[in-house]
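The file data14.tsv comes next; it holds TSV, C-alpha atoms and all ligand atoms.
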chain	number	residue	atom	x	y	z
A	155	MET	CA	8.23	26.49	-23.02
A	156	LYS	CA	7.83	23.41	-20.86
A	157	ASP	CA	6.89	23.44	-17.20
A	158	ILE	CA	8.81	20.69	-15.41
A	159	PRO	CA	8.06	20.53	-11.69
A	160	PHE	CA	10.74	19.28	-9.33
A	161	PHE	CA	8.22	16.75	-8.06
A	162	ASN	CA	4.72	16.10	-9.33
A	163	TYR	CA	2.46	15.47	-6.32
A	164	PRO	CA	-0.89	14.93	-8.12
A	165	ALA	CA	0.78	12.41	-10.43
A	166	VAL	CA	1.41	10.06	-7.48
A	167	TYR	CA	-2.35	9.56	-7.20
A	168	LYS	CA	-3.24	9.81	-10.89
A	169	ARG	CA	-0.81	7.05	-11.85
A	170	PHE	CA	-2.95	4.36	-10.13
A	171	GLU	CA	-6.15	6.31	-9.48
A	172	ALA	CA	-8.59	3.42	-9.95
A	173	GLU	CA	-6.52	1.04	-7.81
A	174	PHE	CA	-6.13	3.59	-4.99
A	175	ASP	CA	-9.87	4.36	-5.05
A	176	ALA	CA	-10.66	0.66	-4.77
A	177	ILE	CA	-8.25	0.25	-1.85
A	178	PHE	CA	-9.78	3.24	-0.05
A	179	LYS	CA	-13.29	1.80	-0.44
A	180	ASP	CA	-12.23	-1.66	0.62
A	181	VAL	CA	-10.30	-0.64	3.75
A	182	CYS	CA	-12.81	1.96	4.92
A	183	SER	CA	-15.85	-0.22	4.36
A	184	ARG	CA	-14.16	-2.85	6.55
A	185	GLY	CA	-13.60	-0.16	9.18
A	186	ALA	CA	-9.96	-1.27	9.36
A	187	TYR	CA	-8.10	1.83	10.49
A	188	ILE	CA	-5.51	1.09	13.19
A	189	LEU	CA	-3.14	-1.91	13.57
A	190	GLN	CA	-5.13	-4.12	11.19
A	191	LYS	CA	-4.31	-6.85	8.70
A	192	ASP	CA	-3.32	-4.51	5.84
A	193	LEU	CA	-0.54	-3.14	8.04
A	194	GLU	CA	0.62	-6.64	9.01
A	195	ASP	CA	0.59	-7.71	5.38
A	196	PHE	CA	2.56	-4.66	4.30
A	197	GLU	CA	5.10	-5.16	7.09
A	198	GLN	CA	5.64	-8.75	5.96
A	199	GLU	CA	5.98	-7.83	2.27
A	200	LEU	CA	8.38	-5.03	3.12
A	201	ALA	CA	10.55	-7.32	5.28
A	202	LYS	CA	10.61	-9.88	2.47
A	203	PHE	CA	11.51	-7.24	-0.12
A	204	LEU	CA	14.40	-5.99	2.01
A	205	GLY	CA	15.63	-9.39	3.17
A	206	VAL	CA	15.28	-8.47	6.83
A	207	LYS	CA	13.48	-10.29	9.66
A	208	HIS	CA	11.21	-7.49	10.87
A	209	ALA	CA	9.72	-4.34	9.39
A	210	ILE	CA	7.51	-2.31	11.73
A	211	GLY	CA	5.26	0.48	10.50
A	212	VAL	CA	5.46	3.74	12.44
A	213	ALA	CA	4.12	7.28	12.16
A	214	ASP	CA	6.94	8.71	10.04
A	215	GLY	CA	10.66	8.50	9.31
A	216	THR	CA	11.64	10.81	12.15
A	217	ASN	CA	9.76	8.70	14.72
A	218	ALA	CA	11.42	5.63	13.22
A	219	ILE	CA	14.88	6.98	14.09
A	220	MET	CA	13.82	8.11	17.58
A	221	LEU	CA	12.19	4.80	18.48
A	222	GLY	CA	15.13	2.86	17.05
A	223	LEU	CA	17.62	4.85	19.13
A	224	GLN	CA	15.47	4.38	22.25
A	225	ALA	CA	15.28	0.64	21.66
A	226	CYS	CA	19.11	0.57	21.38
A	227	GLY	CA	19.37	2.34	24.72
A	228	ILE	CA	20.98	5.43	23.20
A	229	GLY	CA	20.24	8.53	25.28
A	230	ALA	CA	21.69	11.20	27.55
A	231	GLY	CA	25.35	11.98	26.90
A	232	ASP	CA	25.80	9.45	24.10
A	233	GLU	CA	27.27	10.62	20.80
A	234	VAL	CA	26.01	9.51	17.40
A	235	ILE	CA	28.11	10.27	14.31
A	236	MET	CA	26.35	11.26	11.09
A	237	ALA	CA	26.93	13.28	7.93
A	238	SER	CA	26.13	16.98	8.20
A	239	HIS	CA	24.74	16.59	4.68
A	240	THR	CA	21.49	15.09	5.91
A	241	TYR	CA	17.96	16.15	6.69
A	242	ILE	CA	17.57	18.00	9.99
A	243	ALA	CA	15.42	15.04	11.12
A	244	THR	CA	18.49	12.79	11.44
A	245	ALA	CA	20.14	15.13	13.93
A	246	ALA	CA	16.86	16.10	15.60
A	247	ALA	CA	15.98	12.48	16.37
A	248	VAL	CA	19.34	12.04	18.12
A	249	LYS	CA	18.88	15.30	20.02
A	250	LEU	CA	15.31	14.47	21.05
A	251	VAL	CA	16.33	11.19	22.72
A	252	GLY	CA	18.86	13.22	24.74
A	253	ALA	CA	21.96	12.19	22.78
A	254	ILE	CA	24.43	14.39	20.86
A	255	PRO	CA	24.67	14.52	17.07
A	256	VAL	CA	28.30	14.64	15.91
A	257	PHE	CA	29.07	15.53	12.31
A	258	ALA	CA	31.53	13.99	9.88
A	259	ASP	CA	32.37	14.98	6.31
A	260	ILE	CA	31.25	13.47	3.03
A	261	GLY	CA	33.67	11.75	0.68
A	262	GLU	CA	34.21	11.73	-3.09
A	263	ASP	CA	30.88	9.96	-3.51
A	264	PHE	CA	29.10	12.80	-1.59
A	265	MET	CA	28.13	10.22	1.08
A	266	LEU	CA	29.28	9.86	4.70
A	267	SER	CA	33.04	9.30	4.69
A	268	ALA	CA	34.39	6.52	6.92
A	269	ALA	CA	37.79	8.23	7.05
A	270	SER	CA	36.15	11.38	8.41
A	271	VAL	CA	34.00	9.39	10.84
A	272	SER	CA	37.12	7.85	12.39
A	273	THR	CA	38.46	11.33	13.23
A	274	VAL	CA	35.44	12.29	15.40
A	275	VAL	CA	35.05	9.09	17.44
A	276	THR	CA	35.35	9.74	21.21
A	277	GLY	CA	34.85	7.70	24.36
A	278	LYS	CA	31.19	8.76	24.32
A	279	THR	CA	30.44	7.60	20.78
A	280	LYS	CA	27.79	4.87	20.72
A	281	ALA	CA	26.79	4.63	17.07
A	282	ILE	CA	27.48	5.63	13.49
A	283	MET	CA	24.32	6.63	11.64
A	284	PRO	CA	24.89	6.87	7.88
A	285	THR	CA	22.15	8.54	5.85
A	286	GLN	CA	21.50	6.49	2.72
A	287	LEU	CA	20.95	9.75	0.93
A	288	ASN	CA	19.23	10.34	-2.39
A	289	GLY	CA	18.41	6.63	-2.74
A	290	ARG	CA	22.11	5.79	-2.72
A	291	CYS	CA	24.01	3.57	-0.34
A	292	CYS	CA	27.20	4.47	1.56
A	293	ASN	CA	30.32	2.32	1.42
A	294	MET	CA	29.18	0.02	4.21
A	295	ASP	CA	32.38	-2.08	4.34
A	296	GLU	CA	34.44	0.97	5.26
A	297	LEU	CA	31.88	2.19	7.82
A	298	ARG	CA	31.61	-1.31	9.27
A	299	ALA	CA	35.40	-1.43	9.71
A	300	VAL	CA	35.38	1.82	11.71
A	301	ALA	CA	32.39	0.64	13.78
A	302	ASP	CA	34.04	-2.71	14.57
A	303	LYS	CA	37.35	-1.10	15.46
A	304	HIS	CA	35.70	1.14	18.08
A	305	ASN	CA	32.92	-1.24	19.10
A	306	LEU	CA	30.13	1.03	17.82
A	307	LEU	CA	26.65	0.24	16.58
A	308	ILE	CA	25.64	0.98	13.01
A	309	VAL	CA	22.13	2.40	12.75
A	310	GLU	CA	20.82	3.70	9.42
A	311	ASP	CA	18.76	6.67	8.38
A	312	SER	CA	17.65	4.95	5.20
A	313	ALA	CA	14.56	7.17	4.85
A	314	GLN	CA	15.43	7.78	1.18
A	315	GLY	CA	17.01	4.43	0.44
A	316	LEU	CA	14.28	1.85	-0.18
A	317	GLY	CA	15.69	-0.77	-2.54
A	318	ALA	CA	19.19	0.71	-2.76
A	319	ARG	CA	21.82	-1.98	-2.31
A	320	TYR	CA	25.49	-2.24	-1.46
A	321	LYS	CA	27.15	-5.50	-2.51
A	322	GLY	CA	23.70	-7.04	-2.80
A	323	ASP	CA	22.37	-6.05	0.66
A	324	CYS	CA	19.59	-3.50	1.03
A	325	ALA	CA	19.96	-0.12	2.68
A	326	GLY	CA	18.28	-0.32	6.07
A	327	THR	CA	19.49	-3.86	6.85
A	328	PHE	CA	23.17	-3.30	7.75
A	329	GLY	CA	22.99	-2.45	11.42
A	330	ALA	CA	20.99	-2.63	14.65
A	331	PHE	CA	18.10	-0.93	12.85
A	332	GLY	CA	17.26	0.89	9.63
A	333	THR	CA	14.44	3.31	8.90
A	334	LEU	CA	12.16	4.37	6.06
A	335	SER	CA	9.98	7.38	5.37
A	336	PHE	CA	6.85	7.18	3.22
A	337	TYR	CA	6.47	10.96	2.90
A	338	PRO	CA	4.67	11.55	-0.43
A	339	ALA	CA	7.78	12.66	-2.36
A	340	LYS	CA	9.88	9.71	-1.19
A	341	VAL	CA	10.58	6.80	-3.55
A	342	LEU	CA	7.68	4.88	-1.99
A	343	GLY	CA	5.35	7.63	-0.86
A	344	CYS	CA	1.92	7.41	0.72
A	345	PHE	CA	-0.78	10.09	0.93
A	346	GLY	CA	0.46	11.70	4.11
A	347	ASP	CA	3.08	10.79	6.69
A	348	GLY	CA	4.35	7.27	7.26
A	349	GLY	CA	7.49	5.37	8.18
A	350	ALA	CA	8.99	2.03	9.15
A	351	ILE	CA	11.82	0.54	11.22
A	352	MET	CA	13.68	-2.60	10.18
A	353	THR	CA	15.65	-4.95	12.41
A	354	ASN	CA	16.91	-8.54	12.47
A	355	ASP	CA	16.72	-8.69	16.27
A	356	ASP	CA	13.56	-10.44	17.57
A	357	LYS	CA	13.72	-8.88	21.00
A	358	MET	CA	14.16	-5.40	19.62
A	359	ALA	CA	11.28	-5.95	17.19
A	360	THR	CA	8.95	-6.85	20.07
A	361	GLN	CA	10.12	-3.80	21.97
A	362	LEU	CA	9.57	-1.53	18.96
A	363	ARG	CA	6.04	-2.87	18.42
A	364	GLN	CA	5.29	-1.93	22.01
A	365	LEU	CA	7.02	1.45	21.90
A	366	ARG	CA	4.91	2.55	18.91
A	367	ASP	CA	1.70	1.65	20.77
A	368	HIS	CA	1.99	3.23	24.23
A	369	GLY	CA	4.29	0.50	25.50
A	370	ARG	CA	1.49	-2.05	25.30
A	371	ASP	CA	1.96	-5.70	24.36
A	372	GLU	CA	-0.47	-7.68	22.16
A	373	ASN	CA	-2.78	-8.22	25.17
A	374	GLY	CA	-2.91	-4.51	25.89
A	375	ASP	CA	-0.75	-4.82	29.02
A	376	VAL	CA	1.63	-1.92	29.52
A	377	GLN	CA	5.25	-3.14	29.49
A	378	SER	CA	7.12	0.17	29.33
A	379	TRP	CA	6.64	3.85	28.60
A	380	GLY	CA	5.73	4.25	24.96
A	381	THR	CA	4.09	6.62	22.53
A	382	ASN	CA	1.57	6.70	19.72
A	383	SER	CA	3.55	6.17	16.54
A	384	ARG	CA	1.53	3.81	14.36
A	385	LEU	CA	1.45	3.64	10.58
A	386	ASP	CA	-2.20	4.03	9.51
A	387	ASN	CA	-3.70	0.80	8.21
A	388	LEU	CA	-5.10	2.68	5.20
A	389	GLN	CA	-1.69	4.10	4.26
A	390	ALA	CA	-0.20	0.62	4.70
A	391	ALA	CA	-2.76	-0.74	2.22
A	392	PHE	CA	-1.76	1.88	-0.38
A	393	LEU	CA	1.91	1.19	0.29
A	394	LYS	CA	1.49	-2.56	-0.05
A	395	PHE	CA	0.01	-2.01	-3.49
A	396	ARG	CA	2.81	0.37	-4.50
A	397	LEU	CA	5.50	-1.99	-3.25
A	398	GLY	CA	4.11	-4.60	-5.65
A	399	THR	CA	5.08	-2.48	-8.66
A	400	TYR	CA	8.14	-0.85	-7.09
A	401	GLN	CA	10.71	-2.58	-9.33
A	402	GLU	CA	9.25	-0.52	-12.17
A	403	ASP	CA	10.02	2.66	-10.21
A	404	MET	CA	13.58	1.64	-9.45
A	405	ASP	CA	14.18	0.73	-13.11
A	406	ARG	CA	12.82	4.04	-14.34
A	407	ARG	CA	14.74	6.14	-11.81
A	408	ARG	CA	17.95	4.33	-12.74
A	409	GLU	CA	17.17	4.88	-16.42
A	410	ILE	CA	16.77	8.64	-15.88
A	411	ALA	CA	19.96	8.73	-13.78
A	412	ALA	CA	21.80	6.94	-16.60
A	413	LYS	CA	20.67	9.60	-19.09
A	414	TYR	CA	21.86	12.40	-16.79
A	415	ASP	CA	25.10	10.54	-16.11
A	416	THR	CA	25.91	10.02	-19.79
A	417	ALA	CA	25.25	13.69	-20.51
A	418	PHE	CA	27.19	15.17	-17.59
A	419	SER	CA	30.13	12.80	-17.01
A	420	GLY	CA	33.42	14.38	-17.99
A	421	HIS	CA	31.95	17.92	-18.20
A	422	SER	CA	34.47	20.40	-16.75
A	423	LYS	CA	31.87	22.36	-14.71
A	424	LEU	CA	29.76	19.46	-13.45
A	425	TYR	CA	30.30	16.85	-10.77
A	426	PRO	CA	27.59	14.21	-11.19
A	427	PRO	CA	27.09	11.45	-8.60
A	428	LYS	CA	28.25	7.92	-9.36
A	429	GLY	CA	26.24	6.53	-12.27
A	430	PRO	CA	23.71	3.74	-11.81
A	431	SER	CA	25.95	1.01	-13.20
A	432	ASP	CA	28.96	1.97	-11.12
A	433	GLY	CA	30.64	-0.72	-9.06
A	434	GLU	CA	29.25	-2.24	-5.89
A	435	ASN	CA	26.18	-0.05	-5.56
A	436	TYR	CA	22.67	-0.52	-6.88
A	437	ASP	CA	21.35	3.01	-6.32
A	438	VAL	CA	17.68	3.93	-6.80
A	439	PHE	CA	18.03	7.71	-7.07
A	440	GLN	CA	15.40	9.16	-4.77
A	441	ASN	CA	17.02	12.37	-6.01
A	442	TYR	CA	19.56	13.24	-8.66
A	443	GLU	CA	21.92	15.51	-6.76
A	444	MET	CA	25.12	16.79	-8.32
A	445	ALA	CA	27.57	19.64	-7.85
A	446	ALA	CA	27.90	22.36	-10.49
A	447	GLU	CA	30.14	25.41	-10.87
A	448	ASP	CA	28.19	28.69	-10.93
A	449	ARG	CA	25.27	26.76	-9.46
A	450	ASP	CA	23.03	29.76	-8.80
A	451	GLY	CA	23.39	31.00	-12.39
A	452	LEU	CA	22.59	27.54	-13.70
A	453	ARG	CA	19.53	27.35	-11.47
A	454	GLU	CA	18.20	30.67	-12.71
A	455	HIS	CA	18.78	29.64	-16.32
A	456	LEU	CA	16.88	26.38	-15.76
A	457	LEU	CA	14.01	28.28	-14.13
A	458	SER	CA	13.81	30.59	-17.17
A	459	MET	CA	13.20	27.41	-19.20
A	460	GLY	CA	10.47	26.23	-16.81
A	461	ILE	CA	12.70	23.63	-15.14
A	462	ARG	CA	12.43	23.57	-11.36
A	463	SER	CA	15.49	22.42	-9.44
A	464	ILE	CA	16.06	22.40	-5.69
A	465	ILE	CA	19.02	22.95	-3.39
A	466	GLN	CA	18.73	20.25	-0.78
A	467	TRP	CA	17.81	21.22	2.81
A	468	ALA	CA	17.12	24.76	1.59
A	469	GLY	CA	20.86	25.17	1.04
A	470	SER	CA	22.23	24.34	4.48
A	471	PRO	CA	23.96	21.28	5.91
A	472	VAL	CA	23.15	20.76	9.59
A	473	HIS	CA	26.43	22.22	10.90
A	474	TRP	CA	25.58	25.59	9.29
A	475	PHE	CA	22.34	26.23	11.25
A	476	GLU	CA	22.91	29.31	13.42
A	477	SER	CA	19.58	28.85	15.22
A	478	LEU	CA	20.77	25.49	16.53
A	479	GLY	CA	24.05	26.83	17.88
A	480	TYR	CA	26.15	25.88	14.86
A	481	GLY	CA	27.00	28.22	11.94
A	482	GLN	CA	28.99	28.27	8.70
A	483	GLY	CA	32.70	28.80	9.46
A	484	LYS	CA	31.92	29.06	13.18
A	485	PHE	CA	31.23	25.57	14.43
A	486	GLN	CA	33.12	22.94	12.51
A	487	HIS	CA	35.03	22.89	9.24
A	488	LEU	CA	33.93	20.01	7.03
A	489	PRO	CA	35.82	20.89	3.82
A	490	LYS	CA	34.04	18.61	1.38
A	491	THR	CA	30.56	19.32	2.75
A	492	ASP	CA	31.28	23.08	2.71
A	493	TRP	CA	32.57	22.83	-0.88
A	494	PHE	CA	29.53	20.79	-1.88
A	495	PHE	CA	26.94	23.17	-0.46
A	496	HIS	CA	28.26	26.03	-2.58
A	497	ARG	CA	27.65	23.89	-5.65
A	498	CYS	CA	24.97	21.28	-5.04
A	499	LEU	CA	21.76	21.09	-7.01
A	500	MET	CA	19.01	18.53	-7.49
A	501	LEU	CA	17.44	18.07	-10.92
A	502	PRO	CA	13.90	16.77	-11.50
A	503	MET	CA	13.76	13.00	-10.83
A	504	HIS	CA	10.34	11.41	-10.56
A	505	MET	CA	8.03	8.89	-12.19
A	506	ALA	CA	6.03	11.48	-14.15
A	507	LEU	CA	9.06	12.63	-16.20
A	508	THR	CA	9.01	11.63	-19.86
A	509	ASP	CA	12.19	10.96	-21.85
A	510	GLU	CA	11.48	14.20	-23.65
A	511	ASP	CA	11.41	16.04	-20.30
A	512	VAL	CA	14.74	14.52	-19.32
A	513	ASP	CA	16.31	15.52	-22.65
A	514	TYR	CA	14.95	19.04	-22.14
A	515	VAL	CA	16.56	19.27	-18.68
A	516	ILE	CA	19.86	17.97	-20.07
A	517	ALA	CA	19.78	20.50	-22.92
A	518	GLY	CA	19.08	23.23	-20.35
A	519	VAL	CA	22.07	22.30	-18.20
A	520	LEU	CA	24.52	21.87	-21.07
A	521	GLY	CA	23.19	24.97	-22.85
A	522	TYR	CA	23.92	27.14	-19.83
A	523	TYR	CA	27.65	26.44	-19.89
A	524	LYS	CA	27.89	26.61	-23.68
A	525	ASN	CA	26.55	30.15	-23.60
A	526	ALA	CA	28.27	31.31	-20.41
A	601	LIG	C1	12.37	12.32	4.85
A	601	LIG	C2	13.58	12.08	5.67
A	601	LIG	C3	13.51	11.86	7.05
A	601	LIG	C4	12.27	12.04	7.87
A	601	LIG	O1	11.17	11.35	7.43
A	601	LIG	P1	9.70	11.89	7.79
A	601	LIG	O2	8.84	10.78	7.35
A	601	LIG	O3	9.50	13.15	7.01
A	601	LIG	O4	9.67	12.11	9.26
A	601	LIG	C5	14.67	11.57	7.73
A	601	LIG	N1	15.86	11.51	7.09
A	601	LIG	C6	15.97	11.72	5.77
A	601	LIG	C7	17.29	11.58	5.12
A	601	LIG	C8	14.83	12.03	5.02
A	601	LIG	O5	14.97	12.27	3.72
Would you encode the structure as structure tokens?
Amino acid sequence: MKDIPFFNYPAVYKRFEAEFDAIFKDVCSRGAYILQKDLEDFEQELAKFLGVKHAIGVADGTNAIMLGLQACGIGAGDEVIMASHTYIATAAAVKLVGAIPVFADIGEDFMLSAASVSTVVTGKTKAIMPTQLNGRCCNMDELRAVADKHNLLIVEDSAQGLGARYKGDCAGTFGAFGTLSFYPAKVLGCFGDGGAIMTNDDKMATQLRQLRDHGRDENGDVQSWGTNSRLDNLQAAFLKFRLGTYQEDMDRRREIAAKYDTAFSGHSKLYPPKGPSDGENYDVFQNYEMAAEDRDGLREHLLSMGIRSIIQWAGSPVHWFESLGYGQGKFQHLPKTDWFFHRCLMLPMHMALTDEDVDYVIAGVLGYYKNA
């Protein structure tokens, strides 16, 4: 029997062990720890890669959203519309700047639905915040149309979306700001926490650089209240190296997604996401998340074969969390999201998977329904 982990953490280091060791030695022997040249270099490379004017390294993806919202002046009483199918961090960031997260449903593509967004806009709505989930990109034309109609900002939680494109433009570059997370299991992970904010607005970029460093400008003069939310120079050096070979990662993830897609498309019990060569999107598949009938049975069967799958967000969209004052069937009915969370499942999708592993996972999934 094989043992196929959902994500292989040691493999992130092992893949480029010698290079990472050399970077560690180089950066540490220069004593270059905070706001140094490696960070600046990485920020510039990242901005170039994304086709955006500014990329600013911050402590993590959650801080990126909070600082971005602050810089946009979003706070007390303002409403921000998002999918309920998102990480708790998306909603928490809105809450923690004093604003109100408002949930909309997902569409046929399992991503934030513009049609649903338009039904929850109120006089207090300030922004739409799509999550570019699973390394996929929302239909930005439709979201843009709703935003323009109601004079709303678009701000992106693109934590999972590095390199994903919609009609040629990168996730994280569509609105007032976009964000990234470099959590180890993310498409471009570092060895700890890390994040970035992207913007095309010069003034906002200056403000964000100050906000992440106690409100101080480049001379150390305090310009506003700020916080400590800096991306470590050492992590930036690792990330700069990884960004240099990132096309390889996107190609491989799309290759694995294509194998899954070919195997599962048209199956009566399975609802795979859009395939990698589908239409206007260039998706990079941070995760391969699909819906499946009898999901829990399938999951147990896969586990018996040594295949570890995950139900995203431990099985709960944000509007189901009782502890936060919401609750399934109590707070808000989002039909497609509710349907999805009774069926959704993520299969292994990472750089350490071999073709043989992928075939084994596919055989496991298809075998379950053949025998059921
Ligand atoms: C990972 C993630 C975040 C938060 O990023 P951290 O770096 O863990 O703070 C936010 N939103 C989404 C969709 C994520 O996947």
Once you count all atoms listed in the file, which residues end up within 8 Å of ligand LIG 601 (chain A), and could you hand them over as number ranges by chain?
A: 213-219, 240-244, 285-288, 311-314, 334-337, 340, 347-349
What is the distance, in Å and to one decimal place, between CA of Phe395 (chain A) and CA of Ala506 (chain A)?
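Pair CA of Phe395 (chain A) / CA of Ala506 (chain A) returns 18.2 Å.
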Nearest to Ser422 (chain A) by atom-to-atom distance, counting all atoms listed in the file, from A:Ala445, A:Phe196, A:Thr491, A:Arg453
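The closest residue to Ser422 (chain A) is A:Ala445.
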Pairwise distance for CA of Ser272 (chain A) and CA of Glu310 (chain A), rounded to one decimal in Å:
17.1 Å
Could you work out how far CA of Glu402 (chain A) lies from CA of Cys182 (chain A), giving the answer in Å with one decimal?
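Those two atoms sit 28.0 Å apart.
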For Glu171 (chain A), the closest of A:Gly433, A:Lys413, A:Phe392, A:Gly518 counting all atoms listed in the file is A:Phe392
Pick from A:Ala268, A:Trp493, A:Ala391, A:Lys207: nearest to Lys357 (chain A), with only C-alpha atoms counted?
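Of A:Ala268, A:Trp493, A:Ala391, A:Lys207, the one nearest Lys357 (chain A), counting only C-alpha atoms, is A:Lys207.
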Pick from A:Gly315, A:Gly374, A:Pro255, A:Gly460 nearest to Asp437 (chain A), counting all atoms listed in the file:
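Of all the options, A:Gly315 lies closest to Asp437 (chain A).
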Pick from A:Val166, A:Ala350, A:Ala517, A:Leu306: nearest to Ala330 (chain A), with only C-alpha atoms counted?
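Closest to Ala330 (chain A), using only C-alpha atoms: A:Leu306.
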For Leu424 (chain A), work out the shell of residues within 9 Å, counting all atoms listed in the file and skipping chain neighbours fewer than 6 positions away, then give it as a tab-separated table (two decimals) with C-alpha atoms, keeping the file's coordinate frame.
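out.tsv, freshly written:
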chain	number	residue	atom	x	y	z
A	418	PHE	CA	27.19	15.17	-17.59
A	444	MET	CA	25.12	16.79	-8.32
A	445	ALA	CA	27.57	19.64	-7.85
A	446	ALA	CA	27.90	22.36	-10.49
A	447	GLU	CA	30.14	25.41	-10.87
At a cut-off of 8 Å, using only C-alpha atoms, what residues contact region 483-487 of chain A? Leave out same-chain residues fewer than 3 positions from it and give the result as a PyMOL selection string.
chain A and resi 473-474+480+492
How would you write as a PyMOL selection string the residues that get within 8 Å of (23.0, 27.2, 2.5) in the file's frame, counting all atoms listed in the file?
chain A and resi 467-471+474+495-496
Pick out the residues sitting within 10 Å of Lys321 (chain A), and hand them over as a PyMOL selection string; count only C-alpha atoms, and ignore anything fewer than 2 positions along from it in its own chain.
chain A and resi 291+293-295+319+323-324+433-436
Determine the nearest neighbour of Val341 (chain A) from the options A:Arg396, A:Lys303, A:Lys490, A:Arg298, counting only C-alpha atoms.
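Among the listed residues, the smallest separation from Val341 (chain A) belongs to A:Arg396.
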